[in-house]
>>> print(open('my_file.cif').read())   # mmCIF, C-alpha atoms and all ligand atoms
data_my_file
#
loop_
_atom_site.group_PDB
_atom_site.id
_atom_site.type_symbol
_atom_site.label_atom_id
_atom_site.label_comp_id
_atom_site.auth_asym_id
_atom_site.auth_seq_id
_atom_site.Cartn_x
_atom_site.Cartn_y
_atom_site.Cartn_z
ATOM 1 C CA MET A 1 -3.004 17.501 17.034
ATOM 2 C CA ALA A 2 -1.910 14.526 14.973
ATOM 3 C CA THR A 3 0.848 12.338 16.363
ATOM 4 C CA VAL A 4 4.038 11.497 14.471
ATOM 5 C CA ALA A 5 5.345 7.983 13.752
ATOM 6 C CA CYS A 6 8.278 6.900 15.912
ATOM 7 C CA ARG A 7 11.020 5.292 13.800
ATOM 8 C CA ASP A 8 13.501 4.619 16.585
ATOM 9 C CA ILE A 9 14.393 0.925 16.618
ATOM 10 C CA ASN A 10 15.693 1.333 20.172
ATOM 11 C CA LYS A 11 12.050 1.637 21.186
ATOM 12 C CA LEU A 12 11.516 -1.999 20.174
ATOM 13 C CA THR A 13 12.045 -4.819 22.663
ATOM 14 C CA PRO A 14 15.689 -6.017 22.588
ATOM 15 C CA GLU A 15 14.853 -9.177 20.656
ATOM 16 C CA THR A 16 12.565 -7.371 18.205
ATOM 17 C CA LYS A 17 15.335 -4.837 17.604
ATOM 18 C CA ILE A 18 17.787 -7.651 16.744
ATOM 19 C CA LEU A 19 15.197 -9.167 14.405
ATOM 20 C CA CYS A 20 14.608 -5.766 12.789
ATOM 21 C CA LEU A 21 18.358 -5.330 12.202
ATOM 22 C CA ARG A 22 18.620 -8.855 10.768
ATOM 23 C CA PHE A 23 15.643 -8.068 8.545
ATOM 24 C CA LEU A 24 17.270 -4.888 7.213
ATOM 25 C CA ALA A 25 20.601 -6.682 6.652
ATOM 26 C CA GLU A 26 18.910 -9.478 4.705
ATOM 27 C CA CYS A 27 16.889 -6.986 2.612
ATOM 28 C CA LYS A 28 20.129 -5.194 1.761
ATOM 29 C CA ALA A 29 21.828 -8.516 0.903
ATOM 30 C CA GLN A 30 18.975 -9.181 -1.541
ATOM 31 C CA GLY A 31 19.424 -5.797 -3.180
ATOM 32 C CA LEU A 32 16.355 -4.207 -1.596
ATOM 33 C CA ASN A 33 16.498 -0.641 -0.311
ATOM 34 C CA ILE A 34 14.178 -0.783 2.687
ATOM 35 C CA GLY A 35 13.539 1.760 5.431
ATOM 36 C CA ILE A 36 11.635 1.595 8.705
ATOM 37 C CA SER A 37 8.629 3.907 8.873
ATOM 38 C CA GLU A 38 7.343 3.109 12.355
ATOM 39 C CA THR A 39 8.340 1.125 15.435
ATOM 40 C CA TRP A 40 6.788 1.805 18.834
ATOM 41 C CA ARG A 41 3.366 3.455 18.900
ATOM 42 C CA SER A 42 1.632 5.361 21.678
ATOM 43 C CA GLU A 43 -1.922 4.664 22.753
ATOM 44 C CA GLU A 44 -2.933 8.115 21.498
ATOM 45 C CA ARG A 45 -1.505 7.417 18.050
ATOM 46 C CA GLN A 46 -3.175 4.012 17.864
ATOM 47 C CA LYS A 47 -6.531 5.678 18.561
ATOM 48 C CA GLU A 48 -5.907 8.131 15.720
ATOM 49 C CA MET A 49 -5.018 5.302 13.365
ATOM 50 C CA ILE A 50 -8.203 3.410 14.163
ATOM 51 C CA LYS A 51 -10.211 6.590 13.489
ATOM 52 C CA SER A 52 -8.515 7.070 10.104
ATOM 53 C CA GLY A 53 -8.903 3.386 9.177
ATOM 54 C CA ALA A 54 -5.146 2.717 9.090
ATOM 55 C CA SER A 55 -5.472 0.152 11.861
ATOM 56 C CA LYS A 56 -8.292 -2.118 12.954
ATOM 57 C CA ILE A 57 -7.203 -3.293 16.362
ATOM 58 C CA THR A 58 -7.212 -1.527 19.730
ATOM 59 C CA ARG A 59 -4.115 -3.332 20.996
ATOM 60 C CA SER A 60 -1.411 -3.226 18.349
ATOM 61 C CA LYS A 61 1.899 -5.060 18.744
ATOM 62 C CA HIS A 62 3.482 -1.676 17.961
ATOM 63 C CA MET A 63 2.337 -0.478 21.393
ATOM 64 C CA ASP A 64 4.443 -3.183 23.048
ATOM 65 C CA GLY A 65 7.518 -2.558 20.875
ATOM 66 C CA LEU A 66 6.947 -5.888 19.132
ATOM 67 C CA ALA A 67 6.180 -4.642 15.610
ATOM 68 C CA PHE A 68 7.683 -2.429 12.940
ATOM 69 C CA ASP A 69 6.562 -1.114 9.560
ATOM 70 C CA PHE A 70 8.826 -0.789 6.533
ATOM 71 C CA TYR A 71 8.805 0.887 3.134
ATOM 72 C CA ASN A 72 10.589 0.710 -0.171
ATOM 73 C CA ASN A 73 13.008 3.637 -0.179
ATOM 74 C CA GLN A 74 12.011 5.115 -3.529
ATOM 75 C CA VAL A 75 9.931 8.278 -3.904
ATOM 76 C CA GLY A 76 6.518 7.579 -5.399
ATOM 77 C CA ASN A 77 6.934 3.810 -5.057
ATOM 78 C CA LEU A 78 6.861 3.209 -1.313
ATOM 79 C CA TYR A 79 4.772 0.039 -1.129
ATOM 80 C CA PRO A 80 5.067 -1.985 -4.368
ATOM 81 C CA ASP A 81 3.406 -5.324 -3.735
ATOM 82 C CA ASP A 82 6.193 -7.512 -5.169
ATOM 83 C CA ILE A 83 8.789 -5.910 -2.906
ATOM 84 C CA MET A 84 6.470 -5.969 0.118
ATOM 85 C CA ARG A 85 5.987 -9.702 -0.463
ATOM 86 C CA LYS A 86 9.748 -10.287 -0.737
ATOM 87 C CA CYS A 87 10.248 -8.420 2.533
ATOM 88 C CA GLY A 88 7.422 -10.382 4.129
ATOM 89 C CA ALA A 89 9.144 -13.625 3.133
ATOM 90 C CA ILE A 90 12.442 -12.391 4.633
ATOM 91 C CA GLY A 91 10.681 -11.486 7.888
ATOM 92 C CA LYS A 92 8.916 -14.852 8.029
ATOM 93 C CA LYS A 93 12.221 -16.663 7.585
ATOM 94 C CA LEU A 94 13.463 -14.794 10.651
ATOM 95 C CA GLY A 95 10.457 -16.028 12.638
ATOM 96 C CA LEU A 96 8.369 -12.856 12.394
ATOM 97 C CA TYR A 97 4.695 -12.693 11.507
ATOM 98 C CA TRP A 98 3.932 -10.770 8.313
ATOM 99 C CA GLY A 99 0.963 -8.367 8.170
ATOM 100 C CA GLY A 100 0.193 -9.598 4.640
ATOM 101 C CA ASP A 101 -1.066 -12.790 6.305
ATOM 102 C CA PHE A 102 -3.545 -11.005 8.620
ATOM 103 C CA LYS A 103 -7.049 -12.297 8.175
ATOM 104 C CA GLY A 104 -9.257 -9.620 6.625
ATOM 105 C CA PHE A 105 -6.698 -6.803 6.734
ATOM 106 C CA TYR A 106 -3.816 -6.864 4.269
ATOM 107 C CA ASP A 107 -0.987 -4.988 5.990
ATOM 108 C CA SER A 108 1.938 -5.798 3.706
ATOM 109 C CA CYS A 109 4.407 -3.323 5.236
ATOM 110 C CA HIS A 110 4.099 -4.739 8.764
ATOM 111 C CA LEU A 111 6.116 -7.357 10.641
ATOM 112 C CA GLU A 112 5.622 -8.403 14.230
ATOM 113 C CA ASN A 113 7.261 -10.598 16.804
ATOM 114 C CA ASN A 114 4.548 -12.892 18.136
ATOM 115 C CA ASN A 115 6.832 -14.941 20.338
ATOM 116 C CA PRO A 116 8.508 -12.190 22.399
ATOM 117 C CA VAL A 117 11.022 -14.343 24.221
ATOM 118 C CA GLY A 118 11.546 -17.247 21.873
ATOM 119 C CA THR A 119 11.632 -16.159 18.214
ATOM 120 C CA ILE A 120 15.415 -15.940 17.852
ATOM 121 C CA LYS A 121 15.963 -19.130 19.846
ATOM 122 C CA ALA A 122 13.408 -21.026 17.733
ATOM 123 C CA VAL A 123 15.092 -19.953 14.501
ATOM 124 C CA ASP A 124 18.589 -20.643 15.916
ATOM 125 C CA ASP A 125 17.496 -24.115 17.088
ATOM 126 C CA GLN A 126 16.153 -24.802 13.606
ATOM 127 C CA TYR A 127 19.477 -23.680 12.140
ATOM 128 C CA ILE A 128 21.588 -25.898 14.453
ATOM 129 C CA LYS A 129 19.288 -28.836 13.669
ATOM 130 C CA ALA A 130 19.868 -28.240 9.947
ATOM 131 C CA VAL A 131 23.659 -28.063 10.455
ATOM 132 C CA ASN A 132 23.577 -31.338 12.425
ATOM 133 C CA LYS A 133 21.609 -32.968 9.637
ATOM 134 C CA LEU A 134 24.199 -31.901 7.037
ATOM 135 C CA VAL A 135 26.952 -33.228 9.316
ATOM 136 C CA ASP A 136 25.100 -36.573 9.515
ATOM 137 C CA LYS A 137 24.752 -36.651 5.724
ATOM 138 C CA GLY A 138 28.467 -35.992 5.309
ATOM 139 C CA VAL A 139 27.965 -32.644 3.575
ATOM 140 C CA ILE A 140 29.575 -30.623 6.374
ATOM 141 C CA GLY A 141 32.977 -31.763 7.582
ATOM 142 C CA SER A 142 33.756 -28.930 9.982
ATOM 143 C CA PRO A 143 30.581 -28.192 11.971
ATOM 144 C CA GLU A 144 32.193 -25.589 14.269
ATOM 145 C CA ILE A 145 32.528 -23.165 11.312
ATOM 146 C CA TRP A 146 28.803 -23.455 10.604
ATOM 147 C CA LYS A 147 27.552 -23.612 14.184
ATOM 148 C CA GLU A 148 29.429 -20.467 15.125
ATOM 149 C CA LYS A 149 28.583 -18.857 11.762
ATOM 150 C CA LYS A 150 32.246 -18.198 11.023
ATOM 151 C CA PHE A 151 31.924 -19.227 7.406
ATOM 152 C CA THR A 152 33.422 -17.333 4.501
ATOM 153 C CA LYS A 153 32.612 -17.274 0.809
ATOM 154 C CA ASP A 154 35.069 -20.180 0.353
ATOM 155 C CA ASN A 155 33.219 -22.291 2.916
ATOM 156 C CA VAL A 156 29.926 -21.629 1.160
ATOM 157 C CA GLU A 157 31.324 -22.517 -2.254
ATOM 158 C CA SER A 158 32.893 -25.781 -1.079
ATOM 159 C CA LEU A 159 29.673 -26.646 0.762
ATOM 160 C CA ILE A 160 27.660 -26.183 -2.433
ATOM 161 C CA ILE A 161 30.097 -28.300 -4.435
ATOM 162 C CA LYS A 162 30.053 -31.003 -1.747
ATOM 163 C CA PHE A 163 26.261 -30.868 -1.468
ATOM 164 C CA ALA A 164 25.808 -31.101 -5.247
ATOM 165 C CA GLY A 165 28.101 -34.141 -5.212
ATOM 166 C CA LYS A 166 25.695 -35.836 -2.773
ATOM 167 C CA LEU A 167 22.635 -35.399 -4.988
HETATM 168 ZN ZN ZN A 201 2.420 -2.054 11.590
#
>>> encode(input="my_file.cif", output="structure tokens")
Amino acid sequence: MATVACRDINKLTPETKILCLRFLAECKAQGLNIGISETWRSEERQKEMIKSGASKITRSKHMDGLAFDFYNNQVGNLYPDDIMRKCGAIGKKLGLYWGGDFKGFYDSCHLENNNPVGTIKAVDDQYIKAVNKLVDKGVIGSPEIWKEKKFTKDNVESLIIKFAGKL
């Protein structure tokens, strides 16, 4: 009997779940209507997928709760390449690895967490470094707002005006 895809994001590792939620929030912010088609995968299901040609590897990151697949939530247009690429770029910005970059197997609806304990920290560190740089350059005057991500639309607008003034 064929297995069914598990879509429960609670079956992802805690960090991968956070990244998945951030991914969905960012997709929504960019006007994309994205759903999650699969999260954790059993060994039995992976074997089936290899047989059918849907997967090429015996040990998928899905089996460790470190990967999820997504789709464009529109009947008859589930995997348009332009939208898959946009989503891939969003995932990459969050520190995830995009299946569209796999060598020899284009898997554009797949994102995985290749750094199970450090992906969020690496991206957060990068963010704090960027904030510090803008403080040094005099663009940001109140770093606590940006470091604690307590900014509002007004903060963003004044930052842009201040930044443009520095160019
Ligand atoms: Zn996948």
>>> closest_atom_pairs(input="my_file.cif", of="chain A", to="ligand ZN 201 (chain A)", cutoff="12 Å", atoms="only C-alpha atoms and all ligand atoms", output="Markdown table")
| residue | atom | partner | partner_atom | distance |
| --- | --- | --- | --- | --- |
| A:Ala5 | CA | A:ZN201 | ZN | 10.7 |
| A:Cys6 | CA | A:ZN201 | ZN | 11.5 |
| A:Arg7 | CA | A:ZN201 | ZN | 11.5 |
| A:Ile36 | CA | A:ZN201 | ZN | 10.3 |
| A:Ser37 | CA | A:ZN201 | ZN | 9.0 |
| A:Glu38 | CA | A:ZN201 | ZN | 7.2 |
| A:Thr39 | CA | A:ZN201 | ZN | 7.7 |
| A:Trp40 | CA | A:ZN201 | ZN | 9.3 |
| A:Arg41 | CA | A:ZN201 | ZN | 9.2 |
| A:Gln46 | CA | A:ZN201 | ZN | 10.4 |
| A:Met49 | CA | A:ZN201 | ZN | 10.6 |
| A:Ala54 | CA | A:ZN201 | ZN | 9.3 |
| A:Ser55 | CA | A:ZN201 | ZN | 8.2 |
| A:Lys56 | CA | A:ZN201 | ZN | 10.8 |
| A:Ile57 | CA | A:ZN201 | ZN | 10.8 |
| A:Arg59 | CA | A:ZN201 | ZN | 11.5 |
| A:Ser60 | CA | A:ZN201 | ZN | 7.9 |
| A:Lys61 | CA | A:ZN201 | ZN | 7.8 |
| A:His62 | CA | A:ZN201 | ZN | 6.5 |
| A:Met63 | CA | A:ZN201 | ZN | 9.9 |
| A:Asp64 | CA | A:ZN201 | ZN | 11.7 |
| A:Gly65 | CA | A:ZN201 | ZN | 10.6 |
| A:Leu66 | CA | A:ZN201 | ZN | 9.6 |
| A:Ala67 | CA | A:ZN201 | ZN | 6.1 |
| A:Phe68 | CA | A:ZN201 | ZN | 5.4 |
| A:Asp69 | CA | A:ZN201 | ZN | 4.7 |
| A:Phe70 | CA | A:ZN201 | ZN | 8.3 |
| A:Tyr71 | CA | A:ZN201 | ZN | 11.0 |
| A:Tyr97 | CA | A:ZN201 | ZN | 10.9 |
| A:Trp98 | CA | A:ZN201 | ZN | 9.4 |
| A:Gly99 | CA | A:ZN201 | ZN | 7.3 |
| A:Gly100 | CA | A:ZN201 | ZN | 10.5 |
| A:Phe102 | CA | A:ZN201 | ZN | 11.2 |
| A:Phe105 | CA | A:ZN201 | ZN | 11.4 |
| A:Tyr106 | CA | A:ZN201 | ZN | 10.8 |
| A:Asp107 | CA | A:ZN201 | ZN | 7.2 |
| A:Ser108 | CA | A:ZN201 | ZN | 8.7 |
| A:Cys109 | CA | A:ZN201 | ZN | 6.8 |
| A:His110 | CA | A:ZN201 | ZN | 4.2 |
| A:Leu111 | CA | A:ZN201 | ZN | 6.5 |
| A:Glu112 | CA | A:ZN201 | ZN | 7.6 |
| A:Asn113 | CA | A:ZN201 | ZN | 11.1 |
>>> atom_distance(input="my_file.cif", atom1="atom CA of Arg22 of chain A", atom2="atom CA of Glu44 of chain A")
29.5 Å
>>> atom_distance(input="my_file.cif", atom1="atom CA of Ile161 of chain A", atom2="atom CA of Ile90 of chain A")
25.4 Å
>>> closest_residue(input="my_file.cif", among="A:Ser142, A:Lys121, A:Leu167, A:Asn114", to="Asn155 of chain A", atoms="only C-alpha atoms")
A:Ser142
>>> closest_residue(input="my_file.cif", among="A:Ala29, A:Ile128, A:Ala2, A:Leu159", to="Ile140 of chain A", atoms="all atoms listed in the file")
A:Leu159
>>> closest_residue(input="my_file.cif", among="A:Leu94, A:Ile34, A:Leu134, A:Val156", to="Thr119 of chain A", atoms="all atoms listed in the file")
A:Leu94
>>> residues_around(input="my_file.cif", residues="Gln30 of chain A", least_positions_apart="6", cutoff="12 Å", atoms="all atoms listed in the file", output="PyMOL selection string")
chain A and resi 23-24+83+86-87+89-90
>>> write_last_selection(input="my_file.cif", atoms="C-alpha atoms", output="tab-separated table (two decimals), in the frame of the given file")
chain	number	residue	atom	x	y	z
A	23	PHE	CA	15.64	-8.07	8.54
A	24	LEU	CA	17.27	-4.89	7.21
A	83	ILE	CA	8.79	-5.91	-2.91
A	86	LYS	CA	9.75	-10.29	-0.74
A	87	CYS	CA	10.25	-8.42	2.53
A	89	ALA	CA	9.14	-13.62	3.13
A	90	ILE	CA	12.44	-12.39	4.63
>>> closest_residue(input="my_file.cif", among="A:Thr3, A:Leu96, A:Val135, A:Asn10", to="Val123 of chain A", atoms="all atoms listed in the file")
A:Leu96
>>> atom_distance(input="my_file.cif", atom1="atom CA of Val4 of chain A", atom2="atom CA of Glu48 of chain A")
10.6 Å
>>> residues_around(input="my_file.cif", residues="Lys147 of chain A", least_positions_apart="4", cutoff="9 Å", atoms="all atoms listed in the file", output="ChimeraX atom specification")
/A:127-128,131-132,143
>>> closest_residue(input="my_file.cif", among="A:Leu12, A:Met84, A:Gly53, A:Thr58", to="Cys27 of chain A", atoms="only C-alpha atoms")
A:Met84
>>> closest_residue(input="my_file.cif", among="A:Phe163, A:Lys93, A:Asn72, A:Lys129", to="Lys28 of chain A", atoms="all atoms listed in the file")
A:Asn72
>>> residues_around(input="my_file.cif", residues="Ser158 of chain A", least_positions_apart="4", cutoff="12 Å", atoms="all atoms listed in the file", output="list in words")
Val139, Ile140, Gly141, Ser142, Phe151, Thr152, Lys153, Asp154, Lys162, Phe163, Ala164 and Gly165 of chain A
>>> write_last_selection(input="my_file.cif", atoms="C-alpha atoms", output="PDB file, in the frame of the given file")
ATOM      1  CA  VAL A 139      27.965 -32.644   3.575  1.00  0.00           C
ATOM      2  CA  ILE A 140      29.575 -30.623   6.374  1.00  0.00           C
ATOM      3  CA  GLY A 141      32.977 -31.763   7.582  1.00  0.00           C
ATOM      4  CA  SER A 142      33.756 -28.930   9.982  1.00  0.00           C
ATOM      5  CA  PHE A 151      31.924 -19.227   7.406  1.00  0.00           C
ATOM      6  CA  THR A 152      33.422 -17.333   4.501  1.00  0.00           C
ATOM      7  CA  LYS A 153      32.612 -17.274   0.809  1.00  0.00           C
ATOM      8  CA  ASP A 154      35.069 -20.180   0.353  1.00  0.00           C
ATOM      9  CA  LYS A 162      30.053 -31.003  -1.747  1.00  0.00           C
ATOM     10  CA  PHE A 163      26.261 -30.868  -1.468  1.00  0.00           C
ATOM     11  CA  ALA A 164      25.808 -31.101  -5.247  1.00  0.00           C
ATOM     12  CA  GLY A 165      28.101 -34.141  -5.212  1.00  0.00           C
TER      13      GLY A 165
END
>>> axis_aligned_box(input="my_file.cif", around="segment 7-15 of chain A", padding_each_side="5 Å", output="AutoDock Vina command-line options")
--center_x 13.4 --center_y -1.9 --center_z 18.2 --size_x 14.7 --size_y 24.5 --size_z 18.9
